[in-house]
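The structure file final.tsv is reproduced below (TSV, C-alpha atoms and all ligand atoms).
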chain	number	residue	atom	x	y	z
A	268	MET	CA	14.07	31.14	11.90
A	269	ALA	CA	15.32	29.33	15.01
A	270	GLU	CA	17.49	26.32	14.32
A	271	PRO	CA	15.45	23.19	15.11
A	272	GLN	CA	17.05	20.81	17.58
A	273	THR	CA	15.62	17.35	17.27
A	274	ASP	CA	14.86	14.79	14.65
A	275	VAL	CA	11.46	13.27	14.27
A	276	GLU	CA	10.63	9.66	13.52
A	277	PRO	CA	8.28	9.17	10.60
A	278	ASP	CA	5.21	7.06	11.35
A	279	THR	CA	4.45	3.91	9.41
A	280	ALA	CA	2.80	5.79	6.55
A	281	GLY	CA	5.91	7.90	6.15
A	282	ASN	CA	4.28	10.95	7.68
A	283	SER	CA	6.25	12.85	10.21
A	284	SER	CA	4.76	14.13	13.39
A	285	ALA	CA	5.98	17.07	15.36
A	286	SER	CA	3.15	17.07	17.85
A	287	HIS	CA	5.39	17.24	20.92
A	288	SER	CA	6.88	20.51	19.78
A	289	ASN	CA	5.70	23.43	17.73
A	290	ALA	CA	9.11	23.97	16.19
A	291	PRO	CA	9.66	22.25	12.84
A	292	GLN	CA	12.00	19.29	13.08
A	293	TYR	CA	14.35	17.64	10.67
A	294	HIS	CA	13.40	14.54	8.78
A	295	PRO	CA	15.70	11.86	10.24
A	296	SER	CA	16.98	10.81	6.83
A	297	PHE	CA	17.70	14.38	5.73
A	298	SER	CA	19.41	16.18	8.56
A	299	SER	CA	23.05	16.01	7.49
A	300	PRO	CA	24.84	19.18	8.71
A	301	ASP	CA	26.93	19.38	5.52
A	302	ALA	CA	23.79	19.78	3.37
A	303	ASP	CA	23.44	23.41	2.45
A	304	ILE	CA	19.77	23.94	1.52
A	305	VAL	CA	16.88	23.75	3.98
A	306	ILE	CA	13.39	22.93	2.75
A	307	LEU	CA	10.20	23.01	4.80
A	308	SER	CA	7.39	20.68	3.79
A	309	ASP	CA	3.72	21.55	3.99
A	310	ASP	CA	3.29	19.43	7.12
A	311	GLY	CA	6.14	21.22	8.88
A	312	VAL	CA	9.10	18.89	8.45
A	313	LEU	CA	12.52	20.28	7.57
A	314	PHE	CA	14.92	18.69	5.11
A	315	ARG	CA	18.60	19.45	4.80
A	316	VAL	CA	19.47	18.81	1.18
A	317	HIS	CA	22.66	19.18	-0.85
A	318	LYS	CA	22.29	21.98	-3.33
A	319	LEU	CA	24.17	20.06	-6.00
A	320	VAL	CA	21.79	17.08	-5.77
A	321	LEU	CA	18.77	19.37	-6.04
A	322	GLN	CA	20.26	21.14	-9.03
A	323	LEU	CA	21.09	17.91	-10.83
A	324	GLY	CA	17.85	16.14	-9.94
A	325	SER	CA	15.29	18.89	-10.43
A	326	GLY	CA	14.90	21.39	-13.24
A	327	PHE	CA	12.66	23.44	-10.95
A	328	PHE	CA	15.21	23.76	-8.14
A	329	LYS	CA	18.05	24.26	-10.63
A	330	THR	CA	16.32	27.37	-11.94
A	331	MET	CA	15.33	28.55	-8.49
A	332	LEU	CA	18.79	28.12	-6.96
A	333	GLU	CA	20.44	29.95	-9.82
A	334	MET	CA	18.47	33.08	-8.99
A	335	PRO	CA	20.09	35.44	-6.49
A	336	ARG	CA	18.56	35.10	-3.03
A	337	ASP	CA	17.38	37.89	-0.82
A	338	ALA	CA	20.43	38.85	1.30
A	339	ALA	CA	18.65	38.43	4.65
A	340	GLU	CA	17.17	35.09	3.62
A	341	ALA	CA	20.53	33.87	2.43
A	342	LEU	CA	22.25	34.95	5.63
A	343	ASN	CA	19.80	33.07	7.85
A	344	ASN	CA	19.51	30.18	5.36
A	345	GLU	CA	15.73	30.51	5.60
A	346	PRO	CA	13.92	27.30	4.60
A	347	ILE	CA	12.39	27.11	1.15
A	348	LEU	CA	8.68	26.41	1.60
A	349	ILE	CA	7.07	23.73	-0.54
A	350	GLN	CA	3.44	22.61	-0.80
A	351	GLU	CA	4.24	18.91	-0.69
A	352	LYS	CA	3.89	16.69	2.36
A	353	SER	CA	7.07	15.34	3.95
A	354	ASN	CA	6.41	11.70	3.00
A	355	VAL	CA	6.12	12.71	-0.67
A	356	PHE	CA	9.20	14.94	-0.64
A	357	ALA	CA	11.27	12.29	1.18
A	358	ILE	CA	10.63	9.74	-1.54
A	359	LEU	CA	11.53	12.29	-4.24
A	360	LEU	CA	14.85	12.82	-2.49
A	361	ASP	CA	15.39	9.08	-1.99
A	362	ILE	CA	15.15	8.74	-5.76
A	363	ILE	CA	17.29	11.69	-6.85
A	364	TYR	CA	20.07	11.05	-4.30
A	365	PRO	CA	22.61	8.71	-5.89
A	366	ASP	CA	23.25	6.71	-2.69
A	367	ARG	CA	19.66	6.01	-1.64
A	368	GLN	CA	16.92	3.58	-2.54
A	369	PRO	CA	13.24	4.51	-2.33
A	370	HIS	CA	11.09	2.05	-0.38
A	371	ASP	CA	8.03	0.79	-2.23
A	372	PRO	CA	5.09	3.19	-2.08
A	373	GLN	CA	2.03	1.74	-0.36
A	374	SER	CA	-0.95	3.08	-2.29
A	375	LEU	CA	-1.98	4.25	-5.72
A	376	GLU	CA	-3.01	7.65	-4.32
A	377	PHE	CA	0.46	8.13	-2.84
A	378	VAL	CA	2.08	7.20	-6.15
A	379	GLN	CA	-0.09	9.75	-7.92
A	380	GLU	CA	1.00	12.45	-5.45
A	381	ILE	CA	4.64	11.50	-6.07
A	382	LEU	CA	4.20	11.74	-9.82
A	383	GLN	CA	2.45	15.10	-9.58
A	384	ALA	CA	5.27	16.46	-7.44
A	385	ALA	CA	7.85	15.00	-9.82
A	386	GLU	CA	6.22	16.79	-12.70
A	387	LYS	CA	6.03	20.07	-10.81
A	388	PHE	CA	9.66	19.89	-9.72
A	389	ASP	CA	10.77	18.61	-13.13
A	390	MET	CA	12.37	15.45	-11.75
A	391	PRO	CA	12.51	13.02	-14.70
A	392	LYS	CA	14.37	10.36	-12.69
A	393	VAL	CA	11.44	10.14	-10.29
A	394	SER	CA	8.90	9.57	-13.07
A	395	LYS	CA	11.16	6.94	-14.66
A	396	THR	CA	11.68	5.15	-11.35
A	397	ILE	CA	7.97	5.04	-10.55
A	398	ARG	CA	7.23	3.85	-14.06
A	399	ARG	CA	9.70	1.00	-13.53
A	400	LEU	CA	8.03	0.11	-10.21
A	401	ALA	CA	4.60	-0.01	-11.84
A	402	THR	CA	4.10	-3.68	-12.76
A	403	PRO	CA	1.26	-6.18	-12.31
A	404	GLN	CA	3.12	-7.35	-9.18
A	405	SER	CA	3.31	-3.89	-7.56
A	406	THR	CA	2.11	-3.99	-3.97
A	407	PHE	CA	0.63	-0.48	-4.22
A	408	LEU	CA	-1.89	-1.64	-6.81
A	409	THR	CA	-4.99	-3.61	-5.93
A	410	SER	CA	-5.80	-4.72	-9.47
A	411	ALA	CA	-4.51	-4.77	-13.04
A	412	ILE	CA	-7.16	-2.17	-13.81
A	413	ASP	CA	-5.49	0.21	-11.33
A	414	LEU	CA	-2.21	-0.31	-13.17
A	415	TYR	CA	-4.00	0.44	-16.44
A	416	VAL	CA	-5.48	3.61	-14.91
A	417	LEU	CA	-2.06	4.76	-13.69
A	418	ALA	CA	-0.46	4.06	-17.08
A	419	SER	CA	-3.24	5.89	-18.92
A	420	GLN	CA	-2.99	8.94	-16.66
A	421	ASN	CA	0.72	9.20	-17.40
A	422	GLY	CA	0.66	8.20	-21.07
A	423	TRP	CA	2.78	5.09	-20.41
A	424	GLU	CA	1.71	3.16	-23.49
A	425	ASP	CA	3.95	0.14	-22.86
A	426	VAL	CA	2.75	-0.21	-19.25
A	427	ALA	CA	-0.85	0.24	-20.44
A	428	LYS	CA	-0.38	-2.67	-22.87
A	429	ILE	CA	1.03	-4.96	-20.17
A	430	ALA	CA	-1.78	-3.91	-17.82
A	431	SER	CA	-4.46	-4.46	-20.47
A	432	ALA	CA	-3.30	-8.07	-20.92
A	433	GLU	CA	-3.55	-8.60	-17.15
A	434	THR	CA	-7.07	-7.16	-17.04
A	435	LEU	CA	-8.22	-10.03	-19.26
A	436	LYS	CA	-8.14	-12.26	-16.18
A	437	THR	CA	-10.96	-10.20	-14.71
A	438	ASN	CA	-14.51	-9.31	-15.62
A	439	LEU	CA	-14.38	-5.61	-16.48
A	440	TYR	CA	-18.08	-5.22	-15.79
A	441	SER	CA	-17.85	-6.44	-12.22
A	442	SER	CA	-19.04	-3.72	-9.82
A	443	GLU	CA	-15.72	-3.75	-7.90
A	444	TYR	CA	-13.99	-2.05	-10.86
A	445	ARG	CA	-16.60	0.64	-11.48
A	446	ASP	CA	-14.74	3.39	-9.59
A	447	SER	CA	-11.41	2.56	-11.23
A	448	LEU	CA	-12.95	2.64	-14.70
A	449	LYS	CA	-14.49	6.05	-14.03
A	450	ARG	CA	-10.97	7.43	-13.71
A	451	LEU	CA	-10.06	6.41	-17.27
A	452	ASP	CA	-10.16	8.94	-20.04
A	453	GLY	CA	-12.50	8.07	-22.94
A	454	ASN	CA	-9.86	6.88	-25.35
A	455	TYR	CA	-8.19	4.45	-22.93
A	456	LEU	CA	-11.58	3.22	-21.71
A	457	ILE	CA	-12.78	2.48	-25.24
A	458	ARG	CA	-9.57	0.67	-26.12
A	459	LEU	CA	-9.85	-1.55	-23.04
A	460	VAL	CA	-13.54	-2.34	-23.53
A	461	ASN	CA	-12.87	-3.09	-27.21
A	462	LEU	CA	-10.09	-5.52	-26.33
A	463	HIS	CA	-12.36	-7.41	-23.96
A	464	ARG	CA	-15.21	-7.54	-26.49
A	465	ARG	CA	-13.06	-8.23	-29.52
A	466	ARG	CA	-11.68	-11.47	-28.07
A	467	ARG	CA	-15.19	-12.89	-27.74
A	468	ARG	CA	-16.35	-11.65	-31.12
A	469	LEU	CA	-13.28	-12.97	-32.95
A	470	PHE	CA	-13.60	-16.36	-31.26
A	471	ILE	CA	-17.28	-16.67	-32.19
A	472	ASP	CA	-16.47	-15.61	-35.75
A	473	ALA	CA	-13.69	-18.20	-35.86
A	474	LEU	CA	-16.31	-20.89	-35.19
A	475	ASP	CA	-18.57	-19.67	-37.99
A	476	PRO	CA	-18.15	-21.79	-41.14
A	477	ASN	CA	-19.49	-18.95	-43.30
A	478	LEU	CA	-16.90	-16.39	-42.32
A	479	ASP	CA	-13.41	-16.14	-43.61
A	480	SER	CA	-12.08	-14.15	-40.68
A	481	GLU	CA	-8.84	-14.72	-38.79
A	482	PRO	CA	-8.31	-16.65	-36.65
A	483	LYS	CA	-10.45	-19.49	-37.95
A	484	VAL	CA	-11.14	-23.13	-37.13
A	485	VAL	CA	-9.25	-25.46	-39.43
A	486	TRP	CA	-12.11	-27.84	-40.14
A	487	ARG	CA	-10.02	-30.76	-41.26
A	488	ASN	CA	-8.43	-30.66	-37.76
A	489	VAL	CA	-11.70	-31.17	-35.96
A	490	ILE	CA	-13.95	-33.38	-38.11
A	491	SER	CA	-13.75	-36.87	-39.42
A	492	SER	CA	-14.50	-36.69	-43.12
A	493	ALA	CA	-12.96	-37.50	-46.43
A	494	GLU	CA	-13.30	-33.82	-47.23
A	495	SER	CA	-11.65	-30.95	-45.46
A	496	SER	CA	-14.91	-29.25	-44.52
A	497	PRO	CA	-18.25	-30.18	-42.97
A	498	CYS	CA	-21.36	-30.63	-45.10
A	499	HIS	CA	-23.16	-27.62	-46.56
A	500	HIS	CA	-26.11	-28.12	-44.17
A	501	PHE	CA	-23.75	-27.41	-41.32
A	502	SER	CA	-22.64	-24.20	-43.01
A	503	ARG	CA	-26.28	-23.16	-43.26
A	504	GLY	CA	-26.55	-23.28	-39.49
A	505	PHE	CA	-28.60	-26.42	-38.98
A	506	THR	CA	-26.36	-27.74	-36.25
A	507	LEU	CA	-27.75	-26.99	-32.82
A	508	PRO	CA	-24.94	-28.73	-30.88
A	509	TRP	CA	-22.42	-26.45	-32.56
A	510	THR	CA	-24.48	-23.42	-31.57
A	511	ASN	CA	-24.29	-24.69	-27.99
A	512	LEU	CA	-20.52	-24.83	-28.21
A	513	LYS	CA	-20.43	-21.22	-29.43
A	514	HIS	CA	-22.68	-20.27	-26.54
A	515	PHE	CA	-20.34	-21.87	-23.99
A	516	VAL	CA	-17.31	-20.16	-25.55
A	517	SER	CA	-19.10	-16.83	-25.45
A	518	GLU	CA	-20.13	-17.34	-21.83
A	519	ALA	CA	-16.60	-18.32	-20.75
A	520	LEU	CA	-15.06	-15.24	-22.40
A	521	ASP	CA	-17.73	-13.00	-20.92
A	522	VAL	CA	-16.85	-14.06	-17.41
A	523	GLN	CA	-13.10	-14.02	-18.01
A	524	PRO	CA	-11.85	-12.77	-21.39
A	525	VAL	CA	-8.49	-14.52	-21.06
A	526	GLY	CA	-10.49	-17.74	-21.35
A	527	ASP	CA	-8.80	-20.00	-18.78
A	528	ALA	CA	-12.03	-22.00	-18.47
A	529	ILE	CA	-11.78	-23.02	-22.14
A	530	ARG	CA	-8.33	-24.49	-21.53
A	531	GLU	CA	-9.67	-26.77	-18.82
A	532	ARG	CA	-10.51	-30.33	-19.76
A	533	SER	CA	-13.83	-29.81	-18.00
A	534	PHE	CA	-14.83	-27.36	-20.73
A	535	ILE	CA	-14.88	-29.97	-23.46
A	536	ASP	CA	-16.18	-32.64	-21.04
A	537	ASN	CA	-19.25	-30.51	-20.28
A	538	PRO	CA	-22.19	-32.99	-20.43
A	539	ALA	CA	-24.22	-30.35	-22.27
A	540	LEU	CA	-21.87	-30.82	-25.25
A	541	LYS	CA	-22.58	-34.56	-25.47
A	542	THR	CA	-24.93	-34.07	-28.43
A	543	LEU	CA	-22.02	-32.56	-30.37
A	544	TRP	CA	-19.99	-35.78	-30.16
A	545	ASP	CA	-22.99	-37.85	-31.17
A	546	TYR	CA	-23.97	-35.48	-33.95
A	547	GLN	CA	-24.35	-36.68	-37.50
A	548	CYS	CA	-26.12	-34.94	-40.32
A	549	HIS	CA	-28.91	-37.20	-41.46
A	550	LEU	CA	-30.24	-35.10	-44.29
A	551	ARG	CA	-30.69	-37.19	-47.36
A	552	ASP	CA	-28.48	-35.29	-49.75
A	553	CYS	CA	-25.71	-34.90	-47.20
A	554	VAL	CA	-22.18	-34.91	-48.59
A	555	PRO	CA	-19.67	-35.31	-47.11
A	556	ARG	CA	-20.62	-37.32	-44.07
A	557	PHE	CA	-18.71	-36.14	-41.05
A	558	HIS	CA	-18.65	-36.03	-37.25
A	559	PHE	CA	-16.78	-33.94	-34.70
A	560	LEU	CA	-13.63	-35.25	-33.04
A	561	LYS	CA	-13.72	-34.29	-29.38
A	562	GLU	CA	-10.03	-35.01	-28.76
A	563	LYS	CA	-9.03	-32.77	-31.64
A	564	LEU	CA	-11.54	-30.00	-31.17
A	565	HIS	CA	-10.27	-29.07	-27.71
A	566	PRO	CA	-6.67	-28.32	-28.81
A	567	GLU	CA	-8.10	-26.45	-31.78
A	568	LEU	CA	-10.14	-24.23	-29.45
A	569	ILE	CA	-7.00	-23.54	-27.40
A	570	ARG	CA	-5.07	-22.76	-30.58
A	571	ILE	CA	-7.69	-20.15	-31.51
A	572	LEU	CA	-7.63	-18.76	-27.97
A	573	ASP	CA	-3.88	-18.24	-28.27
A	574	LEU	CA	-4.34	-16.28	-31.51
A	575	LEU	CA	-6.76	-13.73	-30.05
A	576	PRO	CA	-5.48	-10.19	-29.40
A	577	SER	CA	-4.21	-9.91	-25.84
A	578	THR	CA	-3.30	-6.23	-25.50
A	579	ILE	CA	-4.80	-2.87	-26.42
B	601	ZN	ZN	-25.33	-32.53	-44.00
What would the structure in this file look like if it were written as structure tokens?
Ligand SMILES: [Zn+2]
Amino acid sequence: MAEPQTDVEPDTAGNSSASHSNAPQYHPSFSSPDADIVILSDDGVLFRVHKLVLQLGSGFFKTMLEMPRDAAEALNNEPILIQEKSNVFAILLDIIYPDRQPHDPQSLEFVQEILQAAEKFDMPKVSKTIRRLATPQSTFLTSAIDLYVLASQNGWEDVAKIASAETLKTNLYSSEYRDSLKRLDGNYLIRLVNLHRRRRRLFIDALDPNLDSEPKVVWRNVISSAESSPCHHFSRGFTLPWTNLKHFVSEALDVQPVGDAIRERSFIDNPALKTLWDYQCHLRDCVPRFHFLKEKLHPELIRILDLLPSTI
């Protein structure tokens, strides 16, 4: 193969273009004359790479380069053809070279291509680096659900847990996440849906005087009474204002499972809860007499919120 003469500037997406010449050209970052292996990407960009770096960074190339080469190929230092695009291969090299830093990938699709190539070329440092870059703040992700999808596809349990906590700020059932959720395998999808549902169910159960589940309202914290629990009529579900409160909690967690709305003062100040603060059981045999303490109930609701599961 003729020795290419010029370098080519990558475009903003990291793709290289050789449109002004049919001859393959060197990637500007990988054209060092002292590099001894030449690789040709699928989109026709050449890379000069140090054999030692390839051998240390890639199990695939280590095996390949240990095999004796065809004499003619070796003499002409024929390029090794790969099926990856130049922008993908460049970032693999940026990671395995000890003196380089990869720039942040720009899209989830690109990251998935990088990870696929890393697996094929047996480049564990690449997978580890991408895993480290994958955080809720990553610019290549558009939502926490995308991070969860990426983690699930790669079996990154710790990243999946962090991502699952972040997804609680969103409504999973919103149409904007439908396509992302379709990419989840069944097990990860069920675990995420369960987390979102479980928070609401546990909170509603916590407000039920007949259940002994955890977490649970500490009644003496939220009522004024000589006793530590409300009257038995309340336990039998005769308290409509309390049912309203449960409804508002349920609604808030439906919209946003992390429950930020419940933390707001406006939640407890909701005029629709006014009957709860005025409530008194007037049944004749009522013992003990009690009423709800608004200023104490709100912190108690937040305490329960903080005890709900927050990761898969
Ligand atoms: Zn009563």
Nearest to Ile349 of chain A among A:Phe407, A:Phe470, A:Trp486, A:Phe388, with distances taken over all atoms listed in the file: which residue is it?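 Of all the options, A:Phe388 lies closest to Ile349 of chain A.
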Per-residue nearest contacts chain A to ligand ZN 601 (chain B), cut-off 7 Å, using only C-alpha atoms and all ligand atoms, as JSON lines:
{"residue": "A:Cys498", "atom": "CA", "partner": "B:ZN601", "partner_atom": "ZN", "distance": 4.5}
{"residue": "A:His499", "atom": "CA", "partner": "B:ZN601", "partner_atom": "ZN", "distance": 5.9}
{"residue": "A:His500", "atom": "CA", "partner": "B:ZN601", "partner_atom": "ZN", "distance": 4.5}
{"residue": "A:Phe501", "atom": "CA", "partner": "B:ZN601", "partner_atom": "ZN", "distance": 6.0}
{"residue": "A:Cys548", "atom": "CA", "partner": "B:ZN601", "partner_atom": "ZN", "distance": 4.5}
{"residue": "A:His549", "atom": "CA", "partner": "B:ZN601", "partner_atom": "ZN", "distance": 6.4}
{"residue": "A:Leu550", "atom": "CA", "partner": "B:ZN601", "partner_atom": "ZN", "distance": 5.5}
{"residue": "A:Cys553", "atom": "CA", "partner": "B:ZN601", "partner_atom": "ZN", "distance": 4.0}
{"residue": "A:Val554", "atom": "CA", "partner": "B:ZN601", "partner_atom": "ZN", "distance": 6.1}
{"residue": "A:Arg556", "atom": "CA", "partner": "B:ZN601", "partner_atom": "ZN", "distance": 6.7}
For a quick check of understanding, using all atoms listed in the file, which of A:Leu382, A:Ala341, A:Leu568, A:Ala290 has the smallest distance to Val485 of chain A?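 Smallest separation from Val485 of chain A among the options: A:Leu568.
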To one decimal in Å, tell me the separation between atom CA of Val312 of chain A and atom CA of Glu376 of chain A.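 Between atom CA of Val312 of chain A and atom CA of Glu376 of chain A the gap is 20.9 Å.
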Considering only C-alpha atoms, can you say which of A:Ser308, A:Thr506, A:Thr437, A:Ser299 comes closest to Val522 of chain A? A:Thr437
As a ChimeraX atom specification, please: the residues near Asp389 of chain A (cut-off 6 Å, all atoms listed in the file, same-chain neighbours under 2 positions excluded). /A:325-327,385-387
